[in-house]
$ cat my_file.cif   # mmCIF, C-alpha atoms and all ligand atoms
data_data
#
loop_
_atom_site.label_atom_id
_atom_site.label_comp_id
_atom_site.auth_asym_id
_atom_site.auth_seq_id
_atom_site.Cartn_x
_atom_site.Cartn_y
_atom_site.Cartn_z
CA MET A 1 2.72 3.40 19.48
CA ILE A 2 2.91 2.89 15.73
CA VAL A 3 -0.08 3.07 13.40
CA ALA A 4 0.54 2.16 9.77
CA LEU A 5 -2.08 3.04 7.17
CA ASN A 6 -2.37 0.66 4.24
CA ASN A 7 -4.32 2.44 1.50
CA LYS A 8 -4.04 -0.61 -0.79
CA SER A 9 -5.14 0.27 -4.38
CA ASN A 10 -7.39 3.13 -3.36
CA PHE A 11 -7.39 6.81 -4.41
CA THR A 12 -6.68 8.44 -7.74
CA ARG A 13 -4.17 11.28 -7.62
CA GLU A 14 -6.89 13.92 -7.09
CA GLU A 15 -8.71 11.86 -4.46
CA TYR A 16 -5.44 11.25 -2.66
CA LYS A 17 -4.58 14.95 -2.55
CA GLU A 18 -7.91 15.67 -0.81
CA TYR A 19 -7.40 12.71 1.53
CA LEU A 20 -3.85 13.76 2.35
CA LYS A 21 -5.08 17.18 3.53
CA GLU A 22 -7.19 15.35 6.13
CA ILE A 23 -4.37 13.02 7.15
CA GLU A 24 -2.02 15.99 7.59
CA LYS A 25 -4.49 17.44 10.12
CA ILE A 26 -4.56 14.29 12.24
CA TYR A 27 -3.34 14.61 15.80
CA PHE A 28 -1.31 11.68 17.11
CA ARG A 29 1.78 11.75 19.25
CA GLY A 30 2.76 8.23 18.22
CA LYS A 31 4.20 7.28 14.85
CA LEU A 32 1.75 7.47 11.94
CA ILE A 33 3.04 5.82 8.77
CA LEU A 34 1.09 6.37 5.56
CA CYS A 35 1.43 3.65 2.90
CA PRO A 36 -0.33 4.84 -0.27
CA THR A 37 0.14 3.34 -3.75
CA TYR A 38 3.50 3.97 -5.43
CA LEU A 39 1.86 6.66 -7.57
CA ASN A 40 0.79 8.67 -4.56
CA LEU A 41 4.09 8.29 -2.71
CA THR A 42 5.41 11.06 -4.94
CA VAL A 43 2.99 13.68 -3.56
CA GLU A 44 4.89 16.03 -1.26
CA THR A 45 4.01 15.72 2.45
CA ASP A 46 5.50 15.83 5.94
CA VAL A 47 3.67 12.63 6.92
CA LEU A 48 5.97 9.59 7.38
CA LEU A 49 5.70 7.43 4.27
CA GLY A 50 5.84 3.71 3.64
CA ALA A 51 5.49 1.65 0.45
CA GLN A 52 3.15 -1.33 0.22
CA ASP A 53 5.78 -3.51 -1.42
CA VAL A 54 9.37 -3.33 -2.64
CA SER A 55 11.51 -5.08 -5.21
CA PRO A 56 13.79 -7.89 -4.02
CA PHE A 57 16.40 -6.58 -6.50
CA GLU A 58 18.88 -3.74 -6.05
CA ASP A 59 18.30 -2.21 -9.47
CA GLY A 60 18.84 -3.14 -13.12
CA ALA A 61 16.77 -5.00 -15.69
CA HIS A 62 13.62 -5.84 -13.73
CA THR A 63 10.65 -4.37 -15.59
CA GLY A 64 7.97 -2.96 -13.35
CA GLU A 65 9.93 -3.30 -10.11
CA ILE A 66 10.48 -0.39 -7.73
CA SER A 67 13.63 -0.65 -5.65
CA ALA A 68 14.34 0.26 -2.04
CA LYS A 69 17.01 2.65 -3.31
CA GLN A 70 14.45 4.50 -5.44
CA LEU A 71 11.94 4.64 -2.59
CA SER A 72 14.59 5.89 -0.23
CA SER A 73 15.62 8.56 -2.74
CA ILE A 74 12.14 10.15 -2.51
CA GLY A 75 12.12 10.03 1.30
CA VAL A 76 10.15 6.82 1.91
CA LYS A 77 11.25 5.31 5.22
CA TYR A 78 9.18 2.11 5.54
CA SER A 79 7.78 -0.67 3.41
CA ILE A 80 5.26 -3.41 4.01
CA VAL A 81 6.70 -6.81 3.06
CA GLY A 82 4.76 -10.05 2.50
CA HIS A 83 1.23 -8.72 2.85
CA SER A 84 -1.13 -11.68 2.47
CA GLU A 85 -2.75 -10.05 -0.57
CA ARG A 86 0.66 -10.39 -2.30
CA ARG A 87 2.12 -13.52 -0.74
CA LEU A 88 0.71 -15.89 -3.37
CA ASN A 89 3.17 -14.39 -5.85
CA GLU A 90 6.19 -14.07 -3.57
CA THR A 91 8.55 -16.76 -2.31
CA GLU A 92 10.15 -16.68 1.15
CA GLU A 93 13.48 -16.03 -0.55
CA GLU A 94 12.08 -12.96 -2.29
CA LEU A 95 10.66 -11.69 0.99
CA PHE A 96 14.06 -12.13 2.61
CA ASN A 97 15.71 -10.21 -0.25
CA GLU A 98 13.13 -7.45 0.00
CA ILE A 99 13.94 -7.05 3.69
CA LYS A 100 17.66 -7.04 2.94
CA ARG A 101 17.29 -4.32 0.28
CA LEU A 102 15.25 -2.17 2.66
CA LEU A 103 17.76 -2.50 5.50
CA GLU A 104 20.67 -1.71 3.14
CA ASN A 105 18.88 1.55 2.35
CA ASN A 106 18.19 2.38 6.00
CA MET A 107 14.50 1.71 5.60
CA THR A 108 12.31 -0.22 8.03
CA PRO A 109 10.50 -3.35 6.80
CA ILE A 110 7.04 -4.12 8.16
CA LEU A 111 6.86 -7.89 7.72
CA CYS A 112 3.32 -9.29 7.63
CA ILE A 113 2.67 -12.76 8.94
CA GLY A 114 -0.55 -14.55 9.81
CA GLU A 115 -2.48 -17.79 9.63
CA ARG A 116 -5.37 -18.64 7.30
CA LYS A 117 -8.72 -19.74 8.72
CA VAL A 118 -7.95 -23.37 7.93
CA ASP A 119 -4.64 -23.17 9.83
CA ARG A 120 -6.43 -21.88 12.90
CA GLU A 121 -9.11 -24.55 12.65
CA LYS A 122 -6.42 -27.23 12.43
CA GLY A 123 -4.70 -25.81 15.51
CA SER A 124 -1.58 -24.97 13.53
CA THR A 125 -1.56 -21.18 13.98
CA LYS A 126 1.72 -21.07 15.91
CA ALA A 127 3.41 -23.56 13.59
CA VAL A 128 2.48 -21.45 10.56
CA ILE A 129 3.58 -18.22 12.17
CA GLY A 130 6.78 -19.79 13.49
CA ASN A 131 7.63 -20.94 9.95
CA GLN A 132 6.83 -17.60 8.36
CA LEU A 133 9.09 -15.91 10.88
CA SER A 134 11.99 -18.31 10.81
CA SER A 135 12.12 -18.63 7.02
CA VAL A 136 12.86 -14.92 6.82
CA VAL A 137 14.33 -13.52 10.02
CA ASN A 138 16.65 -16.44 10.91
CA TYR A 139 18.91 -15.40 8.07
CA LEU A 140 19.32 -11.84 9.27
CA THR A 141 21.99 -10.71 11.70
CA GLU A 142 20.89 -9.82 15.24
CA ASN A 143 21.19 -6.14 14.42
CA GLU A 144 19.26 -6.40 11.14
CA ARG A 145 16.56 -8.45 12.79
CA SER A 146 15.86 -5.90 15.50
CA ASN A 147 15.07 -3.31 12.81
CA VAL A 148 12.17 -5.31 11.39
CA ILE A 149 8.63 -4.47 12.52
CA ILE A 150 6.39 -7.54 12.61
CA ALA A 151 2.70 -7.19 11.74
CA TYR A 152 0.54 -10.06 12.90
CA GLU A 153 -2.40 -10.17 10.50
CA PRO A 154 -4.64 -13.24 10.58
CA VAL A 155 -5.50 -13.61 6.88
CA TRP A 156 -9.15 -14.34 7.65
CA ALA A 157 -9.48 -11.12 9.65
CA ILE A 158 -8.30 -8.81 6.87
CA GLY A 159 -11.14 -6.71 5.53
CA THR A 160 -13.77 -9.11 6.90
CA GLY A 161 -14.85 -7.49 10.17
CA GLU A 162 -14.19 -10.85 11.82
CA ILE A 163 -11.36 -10.77 14.33
CA PRO A 164 -9.85 -13.28 16.76
CA THR A 165 -10.66 -13.03 20.46
CA ASN A 166 -8.28 -11.05 22.65
CA ASP A 167 -7.00 -14.33 24.11
CA GLU A 168 -6.24 -15.69 20.65
CA ILE A 169 -4.41 -12.52 19.63
CA GLN A 170 -2.59 -12.40 22.97
CA GLU A 171 -1.32 -15.93 22.49
CA VAL A 172 0.17 -15.12 19.09
CA ILE A 173 1.65 -11.76 20.17
CA SER A 174 3.32 -13.45 23.15
CA PHE A 175 4.59 -16.22 20.88
CA ILE A 176 6.14 -13.70 18.47
CA LYS A 177 7.66 -11.74 21.37
CA SER A 178 9.12 -14.94 22.81
CA LYS A 179 10.98 -15.44 19.53
CA LEU A 180 11.76 -11.79 18.85
CA PRO A 181 11.84 -9.94 22.19
CA ASN A 182 13.43 -6.81 20.68
CA ASN A 183 11.00 -6.31 17.82
CA LYS A 184 7.97 -4.09 17.59
CA VAL A 185 4.84 -6.12 16.90
CA LEU A 186 1.69 -4.69 15.32
CA TYR A 187 -1.75 -6.21 15.01
CA GLY A 188 -3.71 -5.91 11.75
CA GLY A 189 -7.03 -7.24 10.48
CA SER A 190 -10.31 -5.32 10.76
CA ALA A 191 -9.03 -3.09 13.57
CA ASN A 192 -11.30 -0.06 13.81
CA GLU A 193 -12.56 2.76 16.02
CA GLU A 194 -15.14 0.43 17.57
CA ASN A 195 -13.06 -2.61 18.50
CA ILE A 196 -9.96 -0.68 19.60
CA ASP A 197 -11.24 -0.37 23.18
CA GLU A 198 -11.12 -4.17 23.39
CA LEU A 199 -7.94 -4.63 21.35
CA LYS A 200 -5.92 -2.23 23.44
CA LYS A 201 -6.34 -4.48 26.49
CA ILE A 202 -3.94 -6.96 24.84
CA GLU A 203 -0.45 -6.78 26.26
CA GLY A 204 2.59 -6.34 24.08
CA ILE A 205 0.97 -4.79 21.00
CA ASP A 206 3.19 -1.92 19.83
CA GLY A 207 0.74 -0.64 17.25
CA TYR A 208 -1.66 -1.45 14.43
CA LEU A 209 -1.70 -1.89 10.67
CA VAL A 210 -5.04 -0.72 9.32
CA GLY A 211 -6.51 -0.98 5.83
CA GLY A 212 -10.20 -0.05 5.65
CA LEU A 213 -9.88 2.39 8.56
CA SER A 214 -7.01 4.20 6.83
CA LEU A 215 -9.43 5.41 4.14
CA LYS A 216 -11.64 7.30 6.63
CA PRO A 217 -9.64 10.05 8.36
CA ASP A 218 -12.49 11.00 10.73
CA LYS A 219 -12.83 7.45 12.04
CA LEU A 220 -9.06 7.10 12.12
CA GLN A 221 -8.87 10.15 14.40
CA ILE A 222 -11.38 8.54 16.80
CA PHE A 223 -9.27 5.36 16.78
CA LEU A 224 -6.09 7.33 17.53
CA ASP A 225 -7.78 9.33 20.29
CA LYS A 226 -8.74 6.08 21.98
CA LEU A 227 -5.13 4.92 21.78
CA ARG A 228 -3.78 8.18 23.09
CA GLN A 229 -3.24 7.10 26.67
CA GLU A 230 -0.86 4.45 25.35
CA GLU A 231 1.25 6.79 23.24
P1 LIG A 301 -8.11 -4.14 7.19
O1 LIG A 301 -6.73 -4.41 6.41
O2 LIG A 301 -7.80 -3.20 8.32
O3 LIG A 301 -9.02 -3.54 6.15
O4 LIG A 301 -8.59 -5.46 7.67
C1 LIG A 301 -5.54 -4.58 7.11
C2 LIG A 301 -4.44 -4.90 6.16
O5 LIG A 301 -4.69 -5.57 5.15
O6 LIG A 301 -3.27 -4.52 6.36
#
$ encode --input "my_file.cif" --output "structure tokens" --more "lines below"
Ligand code: PGA
Amino acid sequence: MIVALNNKSNFTREEYKEYLKEIEKIYFRGKLILCPTYLNLTVETDVLLGAQDVSPFEDGAHTGEISAKQLSSIGVKYSIVGHSERRLNETEEELFNEIKRLLENNMTPILCIGERKVDREKGSTKAVIGNQLSSVVNYLTENERSNVIIAYEPVWAIGTGEIPTNDEIQEVISFIKSKLPNNKVLYGGSANEENIDELKKIEGIDGYLVGGLSLKPDKLQIFLDKLRQEE
């Protein structure tokens, strides 16, 4: 079981140091991946680290970009790619290049995909997700592809407390697995210590990507305890 913690733009350096002490005490036999802001990635820890984004470029004259090579050089092993809060500014080609750069540096991409509310209402959830997947992973080799973690995050469920039914999530997870049987698939979008009892009944989920919950170590521990039997 994988649980990735997306801190988003939260925590100053001092706040993060206090928070990190709590995260370091967390008990979980699965894989816990902490994705703080770039700034806080430089704080020393034994916790597995992921970035929230990565440059599509190798290196060179790209002001403000942080490359996979640089992340790797400070021990970061994962990076979120294509989170819906960033997708407006990123083309599919850039996402593909981000994944390439990560794989070249032996890092694991966590590729976020998910439909908007209007897509679901129009009945085009699978079409949207199929396109998001194929526009990026079809251009990877079989070996590269199997190293990508997919995070299914319905855009309308992120940070809203509103989540799809288990049947709706199940349908999408099965659809992704039918296309990518060798990939780990996470669910993300308002997952918390209360709804995890329901969510964990869904078959084929290999873990979770959590935002709001990641900020509250005590609640996170309850969430992980409830997952424990599945570790
Ligand atoms: P949330 O965020 O858990 O706060 O909904 C998830 C995410 O954006 O990755």
$ closest_residue --input "my_file.cif" --among "A:Lys216, A:Arg101, A:Arg120, A:Lys200" --to "ligand LIG 301 (chain A)" --atoms "only C-alpha atoms and all ligand atoms"
A:Lys216
$ closest_residue --input "my_file.cif" --among "A:Ser73, A:Asn6, A:Ser146, A:Asn40" --to "ligand LIG 301 (chain A)" --atoms "all atoms listed in the file"
A:Asn6
$ closest_residue --input "my_file.cif" --among "A:Glu153, A:Glu142, A:Glu121, A:Asp46" --to "Glu85 of chain A" --atoms "only C-alpha atoms"
A:Glu153
$ atom_distance --input "my_file.cif" --atom1 "atom O2 of ligand LIG 301 (chain A)" --atom2 "atom CA of Ile33 of chain A"
14.1 Å
$ residues_near_ligand --input "my_file.cif" --ligand "ligand LIG 301 (chain A)" --cutoff "8 Å" --atoms "all atoms listed in the file" --output "PyMOL selection string"
chain A and resi 5-6+8+83-85+153+157-161+188-192+209-214
$ axis_aligned_box --input "my_file.cif" --around "segment 14-27 of chain A" --padding-each-side "4 Å" --output "lines of an AutoDock Vina configuration file"
center_x = -5.4
center_y = 14.3
center_z = 4.4
size_x = 14.7
size_y = 14.2
size_z = 30.9
$ atom_distance --input "my_file.cif" --atom1 "atom CA of Tyr16 of chain A" --atom2 "atom CA of Trp156 of chain A"
27.8 Å
$ atom_distance --input "my_file.cif" --atom1 "atom CA of Ala68 of chain A" --atom2 "atom CA of Tyr27 of chain A"
28.9 Å
$ closest_residue --input "my_file.cif" --among "A:Leu103, A:Ile176, A:Ala61, A:Leu39" --to "Ile74 of chain A" --atoms "all atoms listed in the file"
A:Leu39
$ residues_near_point --input "my_file.cif" --point "(10.3, -5.4, 0.3)" --cutoff "6 Å" --atoms "all atoms listed in the file" --output "list of chain:residue names"
A:Asp53, A:Val54, A:Ser55, A:Val81, A:Glu98, A:Ile99
$ residues_around --input "my_file.cif" --residues "Leu133 of chain A" --least-positions-apart "2" --cutoff "10 Å" --atoms "all atoms listed in the file" --output "PyMOL selection string"
chain A and resi 92+111-114+127-131+135-138+150+176+179-180
$ closest_residue --input "my_file.cif" --among "A:Met1, A:Leu224, A:Pro154, A:Arg29" --to "Lys184 of chain A" --atoms "only C-alpha atoms"
A:Met1
$ residues_around --input "my_file.cif" --residues "Asn105 of chain A" --least-positions-apart "6" --cutoff "9 Å" --atoms "only C-alpha atoms" --output "list in words"
Ala68, Lys69, Ser72 and Lys77 of chain A
$ closest_residue --input "my_file.cif" --among "A:Leu220, A:Ile23, A:Val172, A:Ile149" --to "Glu194 of chain A" --atoms "all atoms listed in the file"
A:Leu220
$ residues_around --input "my_file.cif" --residues "segment 201-205 of chain A" --least-positions-apart "4" --cutoff "9 Å" --atoms "all atoms listed in the file" --output "number ranges by chain"
A: 1, 166-167, 169-170, 173-174, 177, 184-187, 196-197
$ write_last_selection --input "my_file.cif" --atoms "C-alpha atoms" --output "PDB file, in the frame of the given file"
ATOM      1  CA  MET A   1       2.720   3.400  19.480  1.00  0.00           C
ATOM      2  CA  ASN A 166      -8.280 -11.050  22.650  1.00  0.00           C
ATOM      3  CA  ASP A 167      -7.000 -14.330  24.110  1.00  0.00           C
ATOM      4  CA  ILE A 169      -4.410 -12.520  19.630  1.00  0.00           C
ATOM      5  CA  GLN A 170      -2.590 -12.400  22.970  1.00  0.00           C
ATOM      6  CA  ILE A 173       1.650 -11.760  20.170  1.00  0.00           C
ATOM      7  CA  SER A 174       3.320 -13.450  23.150  1.00  0.00           C
ATOM      8  CA  LYS A 177       7.660 -11.740  21.370  1.00  0.00           C
ATOM      9  CA  LYS A 184       7.970  -4.090  17.590  1.00  0.00           C
ATOM     10  CA  VAL A 185       4.840  -6.120  16.900  1.00  0.00           C
ATOM     11  CA  LEU A 186       1.690  -4.690  15.320  1.00  0.00           C
ATOM     12  CA  TYR A 187      -1.750  -6.210  15.010  1.00  0.00           C
ATOM     13  CA  ILE A 196      -9.960  -0.680  19.600  1.00  0.00           C
ATOM     14  CA  ASP A 197     -11.240  -0.370  23.180  1.00  0.00           C
TER      15      ASP A 197
END
$ residues_around --input "my_file.cif" --residues "Val76 of chain A" --least-positions-apart "2" --cutoff "10 Å" --atoms "only C-alpha atoms" --output "PyMOL selection string"
chain A and resi 33-35+41-42+48-51+68-74+78-79+107-108
$ residues_around --input "my_file.cif" --residues "Ile80 of chain A" --least-positions-apart "4" --cutoff "6 Å" --atoms "only C-alpha atoms" --output "JSON, numbers by chain"
{"A": [52, 53, 109, 110]}
$ write_last_selection --input "my_file.cif" --atoms "C-alpha atoms" --output "tab-separated table (two decimals), in the coordinates of the input"
chain	number	residue	atom	x	y	z
A	52	GLN	CA	3.15	-1.33	0.22
A	53	ASP	CA	5.78	-3.51	-1.42
A	109	PRO	CA	10.50	-3.35	6.80
A	110	ILE	CA	7.04	-4.12	8.16
